[in-house]
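Structure below is my_file_23.csv: CSV, C-alpha atoms.
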```csv
chain,number,residue,atom,x,y,z
A,1134,MET,CA,-22.8,-34.9,15.5
A,1135,SER,CA,-19.4,-36.6,16.2
A,1136,SER,CA,-16.6,-38.8,14.8
A,1137,THR,CA,-14.6,-41.6,16.3
A,1138,ASN,CA,-12.4,-38.9,17.9
A,1139,ALA,CA,-15.1,-38.1,20.6
A,1140,GLY,CA,-14.0,-40.7,23.1
A,1141,HIS,CA,-10.3,-39.6,23.0
A,1142,ILE,CA,-10.7,-35.8,23.4
A,1143,PHE,CA,-10.1,-35.6,27.2
A,1144,GLU,CA,-7.1,-37.9,27.3
A,1145,VAL,CA,-5.5,-36.3,24.2
A,1146,ALA,CA,-6.0,-32.8,25.7
A,1147,HIS,CA,-4.2,-33.8,28.9
A,1148,GLN,CA,-1.5,-35.8,27.2
A,1149,ASP,CA,-0.7,-33.0,24.7
A,1150,ALA,CA,-0.8,-30.2,27.4
A,1151,SER,CA,1.9,-32.1,29.2
A,1152,ARG,CA,4.3,-31.3,26.3
A,1153,TYR,CA,3.9,-27.5,27.0
A,1154,SER,CA,4.2,-27.4,30.8
A,1155,GLY,CA,6.6,-24.8,32.0
A,1156,THR,CA,6.9,-23.1,28.6
A,1157,GLY,CA,6.5,-19.6,30.0
A,1158,PRO,CA,3.9,-17.1,31.1
A,1159,VAL,CA,3.3,-15.4,27.7
A,1160,ASN,CA,1.0,-16.9,25.2
A,1161,LEU,CA,1.8,-15.4,21.8
A,1162,LYS,CA,-1.7,-16.1,20.5
A,1163,ASP,CA,-3.2,-13.6,22.9
A,1164,ILE,CA,-0.9,-10.6,22.6
A,1165,SER,CA,-1.5,-7.2,21.1
A,1166,GLU,CA,0.8,-5.0,19.0
A,1167,ALA,CA,1.6,-3.0,22.1
A,1168,ASP,CA,2.5,-6.1,24.0
A,1169,ALA,CA,4.9,-7.2,21.2
A,1170,ARG,CA,6.6,-3.7,21.2
A,1171,LYS,CA,7.0,-3.9,25.0
A,1172,ILE,CA,8.4,-7.4,24.8
A,1173,MET,CA,10.9,-6.2,22.2
A,1174,SER,CA,11.9,-3.2,24.2
A,1175,GLU,CA,12.4,-5.2,27.4
A,1176,GLU,CA,14.3,-8.0,25.8
A,1177,HIS,CA,16.4,-5.5,23.8
A,1178,LYS,CA,17.3,-3.7,27.0
A,1179,ALA,CA,18.2,-7.0,28.8
A,1180,LEU,CA,20.4,-8.3,25.9
A,1181,GLY,CA,22.0,-4.9,25.0
A,1182,TYR,CA,21.2,-5.6,21.3
A,1183,ARG,CA,18.2,-6.4,19.2
A,1184,PRO,CA,16.8,-9.8,20.0
A,1185,PRO,CA,17.7,-12.3,17.3
A,1186,PRO,CA,15.4,-14.6,15.3
A,1187,GLY,CA,13.9,-17.2,17.5
A,1188,SER,CA,13.7,-15.0,20.5
A,1189,LEU,CA,10.5,-14.3,22.3
A,1190,ALA,CA,10.5,-10.7,21.1
A,1191,SER,CA,11.1,-11.8,17.5
A,1192,GLN,CA,8.3,-14.4,17.6
A,1193,ALA,CA,5.9,-11.9,19.2
A,1194,GLN,CA,6.5,-9.3,16.5
A,1195,ALA,CA,6.1,-12.0,13.8
A,1196,ALA,CA,2.8,-13.2,15.3
A,1197,VAL,CA,1.4,-9.7,15.3
A,1198,ALA,CA,2.6,-8.9,11.8
A,1199,ARG,CA,1.1,-12.1,10.4
A,1200,HIS,CA,-2.2,-11.5,12.3
A,1201,GLU,CA,-1.7,-14.9,14.1
A,1202,THR,CA,-2.8,-13.4,17.4
A,1203,GLN,CA,-6.4,-12.6,18.1
A,1204,ARG,CA,-5.5,-9.2,19.5
A,1205,ALA,CA,-3.1,-8.0,16.8
A,1206,GLY,CA,-5.1,-4.8,16.2
A,1207,GLU,CA,-5.4,-3.7,19.8
A,1208,PRO,CA,-3.3,-0.6,20.4
A,1209,ASN,CA,-3.0,-1.0,24.2
A,1210,LEU,CA,-1.2,-3.5,26.5
A,1211,THR,CA,-3.3,-6.5,27.3
A,1212,LEU,CA,-0.6,-8.2,29.5
A,1213,ASN,CA,0.7,-7.2,32.9
A,1214,GLU,CA,3.9,-5.1,32.5
A,1215,GLU,CA,5.7,-7.2,35.1
A,1216,GLN,CA,4.6,-10.4,33.4
A,1217,ILE,CA,6.1,-9.0,30.1
A,1218,ARG,CA,9.3,-7.9,31.8
A,1219,GLN,CA,9.9,-11.3,33.5
A,1220,ALA,CA,9.2,-13.2,30.3
A,1221,ALA,CA,11.6,-10.9,28.4
A,1222,LEU,CA,14.3,-11.3,31.1
A,1223,ALA,CA,13.9,-15.1,31.1
A,1224,ASP,CA,14.2,-15.3,27.3
A,1225,ALA,CA,17.2,-12.9,27.2
A,1226,GLU,CA,19.0,-15.2,29.8
A,1227,ARG,CA,18.2,-18.2,27.7
A,1228,ILE,CA,19.7,-16.6,24.6
A,1229,ARG,CA,22.8,-15.5,26.6
A,1230,GLN,CA,23.4,-19.0,27.8
A,1231,GLN,CA,22.8,-20.4,24.4
A,1232,LYS,CA,25.4,-18.1,22.9
A,1233,GLN,CA,27.9,-18.9,25.6
A,1234,SER,CA,27.5,-22.7,25.1
A,1235,GLU,CA,27.4,-22.6,21.3
A,1236,GLY,CA,29.7,-19.7,20.7
A,1237,LYS,CA,27.2,-18.3,18.3
A,1238,ALA,CA,28.1,-15.1,16.5
A,1239,ASN,CA,26.4,-11.9,17.6
A,1240,LEU,CA,25.2,-10.3,14.4
A,1241,ASP,CA,23.7,-6.8,14.4
A,1242,LEU,CA,21.0,-7.0,11.7
A,1243,ASN,CA,20.5,-3.3,12.0
A,1244,ALA,CA,24.0,-2.7,10.6
A,1245,MET,CA,23.9,-5.5,8.0
A,1246,GLY,CA,24.0,-4.7,4.2
A,1247,GLU,CA,22.9,-6.5,1.1
A,1248,ALA,CA,26.2,-8.3,0.5
A,1249,GLU,CA,26.3,-9.8,3.9
A,1250,ALA,CA,22.6,-10.8,3.8
A,1251,ARG,CA,23.2,-12.5,0.4
A,1252,LYS,CA,26.1,-14.5,2.0
A,1253,ILE,CA,23.9,-15.6,4.9
A,1254,MET,CA,21.1,-16.6,2.6
A,1255,SER,CA,23.4,-18.6,0.3
A,1256,ASP,CA,25.1,-20.5,3.2
A,1257,GLU,CA,21.8,-21.2,5.0
A,1258,HIS,CA,20.1,-22.3,1.8
A,1259,LYS,CA,22.9,-24.7,1.1
A,1260,ALA,CA,22.8,-26.1,4.7
A,1261,LEU,CA,19.0,-26.6,4.7
A,1262,GLY,CA,18.7,-27.8,1.2
A,1263,TYR,CA,15.8,-25.4,0.6
A,1264,ARG,CA,15.2,-21.6,0.9
A,1265,PRO,CA,15.3,-20.5,4.5
A,1266,PRO,CA,11.7,-19.9,5.8
A,1267,PRO,CA,10.3,-16.6,7.3
A,1268,GLY,CA,11.8,-16.1,10.7
A,1269,SER,CA,15.2,-17.6,9.8
A,1270,LEU,CA,18.4,-15.7,10.2
A,1271,ALA,CA,18.7,-15.4,6.4
A,1272,SER,CA,15.2,-14.1,6.0
A,1273,GLU,CA,15.6,-11.6,8.8
A,1274,ALA,CA,18.9,-10.4,7.4
A,1275,GLN,CA,17.4,-9.8,4.0
A,1276,SER,CA,14.6,-7.8,5.5
A,1277,ALA,CA,17.0,-5.7,7.5
A,1278,ALA,CA,19.4,-5.2,4.6
A,1279,ALA,CA,16.6,-4.0,2.4
A,1280,LYS,CA,16.4,-0.9,4.6
A,1281,HIS,CA,20.1,-0.1,4.3
A,1282,PRO,CA,21.5,-2.1,1.3
A,1283,ASP,CA,24.9,-0.3,1.3
A,1284,ALA,CA,25.6,-0.7,5.0
A,1285,SER,CA,28.1,-3.2,6.4
A,1286,GLY,CA,28.4,-4.7,9.8
A,1287,ASN,CA,32.1,-5.5,9.0
A,1288,VAL,CA,31.6,-9.2,9.9
A,1289,GLU,CA,34.0,-11.7,8.5
A,1290,SER,CA,32.6,-14.2,6.0
A,1291,THR,CA,33.5,-17.1,8.2
A,1292,ILE,CA,31.4,-15.7,11.1
A,1293,LEU,CA,28.5,-15.2,8.7
A,1294,ALA,CA,28.8,-18.8,7.5
A,1295,LYS,CA,28.9,-20.1,11.0
A,1296,ALA,CA,25.8,-18.1,12.0
A,1297,ALA,CA,24.0,-19.4,8.9
A,1298,LEU,CA,24.9,-23.0,9.7
A,1299,GLU,CA,23.8,-22.7,13.4
A,1300,ASP,CA,20.5,-21.2,12.4
A,1301,ALA,CA,19.9,-23.9,9.8
A,1302,THR,CA,20.6,-26.5,12.4
A,1303,GLN,CA,18.1,-24.9,14.8
A,1304,ILE,CA,15.4,-24.7,12.1
A,1305,ALA,CA,16.0,-28.4,11.1
A,1306,SER,CA,15.7,-29.5,14.8
A,1307,SER,CA,12.6,-27.4,15.4
A,1308,ASN,CA,11.1,-28.9,12.3
A,1309,ASN,CA,10.8,-32.3,14.1
A,1310,GLY,CA,14.3,-33.3,12.8
A,1311,ALA,CA,13.2,-33.2,9.2
A,1312,GLN,CA,16.2,-31.3,7.8
A,1313,ASP,CA,15.2,-31.6,4.2
A,1314,VAL,CA,11.5,-30.6,4.6
A,1315,ASP,CA,10.3,-27.0,4.9
A,1316,VAL,CA,7.2,-28.2,6.6
A,1317,GLU,CA,5.5,-24.8,6.7
A,1318,ASN,CA,5.5,-24.6,2.9
A,1319,VAL,CA,4.5,-28.1,1.9
A,1320,GLY,CA,1.5,-28.6,-0.3
A,1321,LEU,CA,-1.3,-31.3,-0.1
A,1322,ALA,CA,0.5,-33.8,-2.3
A,1323,GLU,CA,3.7,-33.7,-0.2
A,1324,ALA,CA,1.7,-33.8,3.1
A,1325,ARG,CA,-0.1,-36.9,1.9
A,1326,LYS,CA,3.2,-38.6,1.0
A,1327,LEU,CA,4.5,-37.8,4.5
A,1328,MET,CA,1.4,-39.1,6.2
A,1329,SER,CA,1.4,-42.3,4.2
A,1330,GLU,CA,5.1,-43.0,4.8
A,1331,GLU,CA,5.0,-42.1,8.5
A,1332,HIS,CA,1.8,-44.1,9.1
A,1333,ARG,CA,3.4,-47.1,7.4
A,1334,ALA,CA,6.6,-46.7,9.6
A,1335,LEU,CA,4.7,-46.3,12.9
A,1336,GLY,CA,2.0,-48.8,12.2
A,1337,TYR,CA,-0.6,-46.3,13.3
A,1338,ARG,CA,-1.7,-42.8,12.4
A,1339,PRO,CA,1.0,-40.2,13.2
A,1340,PRO,CA,-0.1,-38.3,16.3
A,1341,PRO,CA,-0.5,-34.5,16.6
A,1342,GLY,CA,3.0,-32.9,16.8
A,1343,SER,CA,4.4,-35.4,14.3
A,1344,LEU,CA,6.0,-34.3,11.1
A,1345,ALA,CA,3.1,-35.7,9.1
A,1346,ALA,CA,0.4,-34.1,11.2
A,1347,THR,CA,2.2,-30.7,11.2
A,1348,ALA,CA,2.6,-30.9,7.4
A,1349,GLN,CA,-1.1,-31.7,7.0
A,1350,SER,CA,-2.1,-28.7,9.1
A,1351,ALA,CA,0.3,-26.4,7.1
A,1352,ALA,CA,-0.9,-27.8,3.7
A,1353,ALA,CA,-4.5,-27.1,4.5
A,1354,LYS,CA,-3.6,-23.4,4.3
A,1355,HIS,CA,-2.0,-23.7,0.9
A,1356,PRO,CA,-2.9,-27.0,-0.7
A,1357,ASP,CA,-1.4,-26.2,-4.1
A,1358,ALA,CA,2.0,-25.1,-2.7
A,1359,SER,CA,5.2,-27.1,-2.9
A,1360,ALA,CA,8.4,-27.2,-0.8
A,1361,GLY,CA,10.2,-28.7,-3.8
A,1362,VAL,CA,11.2,-31.8,-1.9
A,1363,ASP,CA,11.6,-35.1,-3.8
A,1364,PRO,CA,9.7,-38.2,-2.7
A,1365,ALA,CA,12.8,-40.0,-1.5
A,1366,ALA,CA,13.6,-37.1,0.9
A,1367,LEU,CA,10.0,-37.0,2.1
A,1368,ALA,CA,10.1,-40.8,2.8
A,1369,GLN,CA,13.4,-40.5,4.7
A,1370,ALA,CA,12.0,-37.5,6.8
A,1371,ALA,CA,8.9,-39.5,7.6
A,1372,LEU,CA,11.0,-42.5,8.7
A,1373,ASP,CA,13.3,-40.3,10.9
A,1374,ASP,CA,10.3,-38.7,12.6
A,1375,ALA,CA,8.6,-42.1,13.1
A,1376,LYS,CA,11.8,-43.2,14.9
A,1377,ARG,CA,11.7,-40.0,17.0
A,1378,ILE,CA,8.1,-40.7,18.1
A,1379,ALA,CA,8.8,-44.3,18.9
A,1380,ALA,CA,11.9,-43.3,21.0
A,1381,GLU,CA,9.9,-40.6,22.9
A,1382,ARG,CA,7.3,-43.2,23.8
A,1383,GLY,CA,10.0,-45.4,25.4
A,1384,SER,CA,9.9,-48.1,22.8
A,1385,ASN,CA,13.1,-50.0,21.9
A,1386,ALA,CA,11.3,-51.7,19.1
A,1387,ALA,CA,11.3,-50.7,15.5
A,1388,PRO,CA,8.8,-47.9,14.7
A,1389,SER,CA,6.4,-50.3,12.9
A,1390,GLN,CA,6.1,-52.2,16.2
A,1391,ALA,CA,5.2,-49.2,18.3
A,1392,SER,CA,1.9,-49.4,20.2
A,1393,PRO,CA,-1.1,-48.0,18.4
A,1394,THR,CA,-3.1,-47.8,21.7
A,1395,SER,CA,-2.0,-44.2,22.6
A,1396,PRO,CA,-5.1,-41.9,22.6
A,1397,THR,CA,-3.1,-39.3,20.8
A,1398,ALA,CA,-2.3,-41.8,18.0
A,1399,GLN,CA,-6.0,-42.5,17.7
A,1400,LEU,CA,-6.9,-38.8,17.1
A,1401,ASN,CA,-7.8,-38.4,13.4
A,1402,LEU,CA,-7.6,-34.7,12.3
A,1403,ASP,CA,-9.2,-35.6,9.0
A,1404,THR,CA,-12.5,-36.5,10.6
A,1405,ILE,CA,-12.5,-34.4,13.8
A,1406,THR,CA,-15.6,-32.2,14.0
A,1407,ALA,CA,-15.9,-28.6,15.1
A,1408,PRO,CA,-17.6,-29.5,18.5
A,1409,GLU,CA,-14.8,-32.0,19.2
A,1410,ALA,CA,-12.1,-29.4,18.2
A,1411,HIS,CA,-13.8,-26.9,20.6
A,1412,ALA,CA,-13.9,-29.5,23.4
A,1413,LEU,CA,-10.2,-30.3,22.8
A,1414,GLN,CA,-9.3,-26.6,22.9
A,1415,SER,CA,-11.3,-26.0,26.0
A,1416,GLU,CA,-9.9,-28.9,27.9
A,1417,GLU,CA,-6.3,-28.2,26.9
A,1418,HIS,CA,-6.7,-24.5,27.7
A,1419,LYS,CA,-8.0,-25.5,31.2
A,1420,VAL,CA,-5.0,-27.8,31.8
A,1421,LEU,CA,-2.4,-25.2,30.6
A,1422,GLY,CA,-4.0,-22.1,32.1
A,1423,HIS,CA,-3.6,-20.4,28.7
A,1424,ARG,CA,-4.6,-20.8,25.1
A,1425,PRO,CA,-2.9,-23.9,23.6
A,1426,PRO,CA,0.1,-22.8,21.4
A,1427,ALA,CA,0.6,-23.3,17.7
A,1428,GLY,CA,1.5,-26.9,17.0
A,1429,SER,CA,-0.6,-28.2,19.9
A,1430,ALA,CA,-3.2,-30.9,19.2
A,1431,ALA,CA,-5.9,-28.3,19.9
A,1432,ALA,CA,-4.4,-25.7,17.5
A,1433,GLN,CA,-4.0,-28.3,14.7
A,1434,ALA,CA,-7.6,-29.5,15.2
A,1435,GLN,CA,-8.9,-26.0,15.0
A,1436,SER,CA,-6.9,-25.2,11.9
A,1437,VAL,CA,-8.3,-28.2,10.1
A,1438,VAL,CA,-11.9,-27.4,11.1
A,1439,ASP,CA,-11.4,-23.7,10.1
A,1440,HIS,CA,-10.1,-24.6,6.7
A,1441,ARG,CA,-12.7,-27.2,6.1
A,1442,ALA,CA,-15.5,-24.7,6.9
A,1443,HIS,CA,-14.7,-22.9,3.7
A,1444,VAL,CA,-14.3,-25.9,1.4
A,1445,PRO,CA,-17.5,-27.2,-0.4
A,1446,VAL,CA,-18.1,-30.9,0.3
A,1447,THR,CA,-17.5,-33.1,-2.7
A,1448,LYS,CA,-18.2,-36.7,-3.2
A,1449,GLU,CA,-14.5,-37.4,-3.0
A,1450,LEU,CA,-14.3,-35.8,0.4
A,1451,ALA,CA,-17.4,-37.5,1.7
A,1452,ALA,CA,-16.1,-40.9,0.5
A,1453,SER,CA,-12.8,-40.3,2.2
A,1454,LEU,CA,-14.5,-39.4,5.5
A,1455,GLU,CA,-16.8,-42.5,5.3
A,1456,SER,CA,-13.8,-44.8,4.5
A,1457,GLN,CA,-11.8,-43.5,7.5
A,1458,GLU,CA,-14.8,-43.7,9.9
A,1459,HIS,CA,-15.8,-47.1,8.6
A,1460,LYS,CA,-12.3,-48.4,9.2
A,1461,ALA,CA,-12.1,-46.9,12.7
A,1462,ARG,CA,-15.5,-48.2,13.8
A,1463,GLY,CA,-15.5,-51.5,12.1
A,1464,HIS,CA,-18.9,-50.8,10.6
A,1465,LEU,CA,-20.7,-48.1,8.6
A,1466,PRO,CA,-20.9,-44.8,10.5
A,1467,GLU,CA,-24.2,-44.1,12.2
A,1468,SER,CA,-26.6,-41.5,10.9
A,1469,GLY,CA,-25.9,-38.1,12.3
A,1470,THR,CA,-22.1,-38.5,12.5
A,1471,ILE,CA,-19.7,-36.6,10.3
A,1472,ALA,CA,-19.4,-39.1,7.4
A,1473,PRO,CA,-23.2,-39.5,6.6
A,1474,THR,CA,-23.6,-35.7,7.0
A,1475,ALA,CA,-20.8,-35.1,4.5
A,1476,GLN,CA,-22.4,-37.5,2.1
A,1477,SER,CA,-25.7,-35.7,2.3
A,1478,LEU,CA,-24.1,-32.4,1.7
A,1479,ALA,CA,-22.1,-33.8,-1.2
A,1480,ASP,CA,-25.2,-35.2,-2.9
A,1481,LYS,CA,-27.0,-31.9,-2.6
A,1482,ASN,CA,-24.0,-30.0,-4.0
A,1483,ALA,CA,-23.8,-32.4,-6.9
A,1484,GLN,CA,-27.5,-32.0,-7.6
A,1485,ASP,CA,-27.8,-28.2,-7.6
A,1486,GLY,CA,-24.2,-27.1,-8.0
A,1487,GLY,CA,-24.2,-25.7,-4.4
A,1488,ASN,CA,-21.2,-24.9,-2.2
A,1489,ARG,CA,-22.3,-26.4,1.1
A,1490,THR,CA,-19.6,-27.0,3.6
A,1491,LEU,CA,-19.3,-28.9,6.8
A,1492,GLY,CA,-19.0,-25.5,8.5
A,1493,ASP,CA,-22.5,-24.7,7.4
A,1494,VAL,CA,-23.9,-27.5,9.6
A,1495,GLY,CA,-21.5,-26.8,12.5
A,1496,LEU,CA,-19.0,-29.5,11.7
```

For the structure just supplied, provide its representation as C-alpha cells.
Amino acid sequence: MSSTNAGHIFEVAHQDASRYSGTGPVNLKDISEADARKIMSEEHKALGYRPPPGSLASQAQAAVARHETQRAGEPNLTLNEEQIRQAALADAERIRQQKQSEGKANLDLNAMGEAEARKIMSDEHKALGYRPPPGSLASEAQSAAAKHPDASGNVESTILAKAALEDATQIASSNNGAQDVDVENVGLAEARKLMSEEHRALGYRPPPGSLAATAQSAAAKHPDASAGVDPAALAQAALDDAKRIAAERGSNAAPSQASPTSPTAQLNLDTITAPEAHALQSEEHKVLGHRPPAGSAAAQAQSVVDHRAHVPVTKELAASLESQEHKARGHLPESGTIAPTAQSLADKNAQDGGNRTLGDVGL
C-alpha cells in the first residue's frame, strides 16, 4: 500500500543526504549514556572548561536525557573511544574558532547564580521575542543556577547581555532564519498557518527541512501547544523561509516562481506511508553511512508515521488524505493505497466507535 510519494523516495533520500555530508563521525541518535559522558569528558578536557550549549557534548547529553537516542539506557560505551576523542577534539576546535571570530564571552555556568541566570533569560527572551527554548544559553544557565542559586561568576552585565544576544542569534539562524518562531513548540494551528503561507509563497509544497515541514513534524508531537506567535509573524517567517529555499535552489526569481519539479518538493509528509518512510530511512542511511539525523527527510517522515500510528482515523483525516492524493494523481486514488484504506478505517470507527489507526494496518 503506497501513496504518491513512492516514486520519489530514492531521489529524495540521495538529495537530502547530500545536506549532511561531512557532518562528523558521531550520530547522536545512536549513542548511549556512557558515550555522552565520554564525549563531555573529552570535550571538557580539550576546551579547558565545560562545553557550552550547542556543543557536541551538550547535544549528546540532551539527546540521552530526553531519550531521543535508541541506546539511552545502555550503561556501556557503544562507540569507539578514538572515534569519540576525535569528534570531541574537532568540536572543541570549532568552538574555539567561533569564540575567536565572534569574541563570544566565556561563561562558566557552573559558577553562575540565580541573578545572572535571570539577566541572561531576560535579555535572550527580549532578543528572540519568545521564551528561549531548551538547550539555549538562558535555559542552561537557569538549570545550572538552580543547583547554586547564591553563587556568582562575577560577570559584568554587559558581557551577559552580549552572550544572550549571540545565543539568540544562533538559535534564530538554526531555526531556518525564523527569528520570531519557536518552531519546536508550535502547535497544529500554527504549523498549518506556516504550511499554507510557505506553500503559497513557493508555489509548491515546502520540502523537508523547510520551516513549514519542520513545524509540522514538531506539532505532531504536541498538537494543542502554542508558541504564542501572531499570524502576521508566522506569515513573515514563512515568506522569509520561502526566499531562503528559492535562493538555495539557485533561483533568481521570486519564490512563487520557483520550480515545483524537485523530487524533495514533491514529498508529502501528510500522506507518506510507513513502508515508504522505512524505505527513505534505509536509503538515506545507506548513503550517509549512519542513521539520518534529526531534521532529515527520513527522520521527519518517520516522526509523522510514528505519531499517526497512535491516532484513530477519523472521517476528517480520511477526507484530507483523499483530497491530497486526488490532487497529486489527477484522479481518485486506487484501491489499496493510503487514502481508500484510511476511508475504510474511518467508516469502521464511525460505525462501532473503534480506535483503528493507520499503524494497525502497517501504514

Just want the 8 Å neighbourhood of segment 1201-1213 of chain A, counted on all atoms listed in the file, with same-chain residues fewer than 6 positions away dropped. Output as a ChimeraX atom specification.
/A:1161-1168

What's the 12 Å shell around Met1173 of chain A, counting only C-alpha atoms, without same-chain residues fewer than 3 positions away, as a compact mmCIF listing (two decimals) with C-alpha atoms, in the coordinates of the input?
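The resulting file, part-v8.txt, is shown below:
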```txt
# COMPACT_ATOMS: atom_id res chain seq x y z
CA GLU A 1166 0.80 -5.00 19.00
CA ALA A 1167 1.60 -3.00 22.10
CA ASP A 1168 2.50 -6.10 24.00
CA ALA A 1169 4.90 -7.20 21.20
CA ARG A 1170 6.60 -3.70 21.20
CA GLU A 1176 14.30 -8.00 25.80
CA HIS A 1177 16.40 -5.50 23.80
CA LYS A 1178 17.30 -3.70 27.00
CA ALA A 1179 18.20 -7.00 28.80
CA LEU A 1180 20.40 -8.30 25.90
CA GLY A 1181 22.00 -4.90 25.00
CA TYR A 1182 21.20 -5.60 21.30
CA ARG A 1183 18.20 -6.40 19.20
CA PRO A 1184 16.80 -9.80 20.00
CA PRO A 1185 17.70 -12.30 17.30
CA PRO A 1186 15.40 -14.60 15.30
CA SER A 1188 13.70 -15.00 20.50
CA LEU A 1189 10.50 -14.30 22.30
CA ALA A 1190 10.50 -10.70 21.10
CA SER A 1191 11.10 -11.80 17.50
CA GLN A 1192 8.30 -14.40 17.60
CA ALA A 1193 5.90 -11.90 19.20
CA GLN A 1194 6.50 -9.30 16.50
CA ALA A 1195 6.10 -12.00 13.80
CA ILE A 1217 6.10 -9.00 30.10
CA ARG A 1218 9.30 -7.90 31.80
CA ALA A 1220 9.20 -13.20 30.30
CA ALA A 1221 11.60 -10.90 28.40
CA LEU A 1222 14.30 -11.30 31.10
CA ASP A 1224 14.20 -15.30 27.30
CA ALA A 1225 17.20 -12.90 27.20
```

What does the distance from atom CA of Lys1354 of chain A to atom CA of His1440 of chain A come to in Å, to one decimal?
7.0 Å

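All residues of protein, DNA or RNA that reach within 12 Å of Leu1240 of chain A, judged by all atoms listed in the file and not counting those fewer than 4 positions away in the chain, are Tyr1182, Arg1183, Pro1184, Pro1185, Pro1186, Lys1232, Ala1244, Met1245, Gly1246, Glu1249, Ala1250, Ile1253, Leu1270, Ala1271, Glu1273, Ala1274, Ala1277, Ser1285, Gly1286, Asn1287, Val1288, Glu1289, Ser1290, Ile1292, Leu1293, Ala1294, Lys1295, Ala1296 and Ala1297 of chain A.
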
Report the distance between atom CA of Glu1144 of chain A and atom CA of Ala1324 of chain A in Å, rounded to one decimal place.
26.1 Å

Counting all atoms listed in the file, I want the residues whose atoms come within 10 Å of (17.3, -19.8, 8.3) in the file frame, returned as a VMD selection string.
chain A and resid 1186 1253 to 1254 1256 to 1258 1260 to 1261 1263 to 1274 1296 to 1305

Closest of A:Ser1343, A:Thr1447, A:Ser1136, A:Asn1160 to Asp1480 of chain A, counting all atoms listed in the file, is A:Thr1447

To one decimal place, how far is atom CA of Pro1408 of chain A from atom CA of Leu1496 of chain A in Å?
6.9 Å

Residues around (-14.9, -39.9, -0.3), cut-off 12 Å, counting all atoms listed in the file - what are they as a PyMOL selection string?
chain A and resi 1403-1404+1446-1459+1472-1473+1475-1477+1479-1480

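Distances from A:Ile1228, A:Ala1431, A:Val1159, A:Ala1248 to His1418 of chain A were compared using only C-alpha atoms, and the smallest one belongs to A:Ala1431.
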
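Of the listed residues (A:Lys1259, A:Ala1223, A:Ala1407, A:Asp1283), A:Asp1283 comes nearest to Glu1247 of chain A; the distances count only C-alpha atoms.
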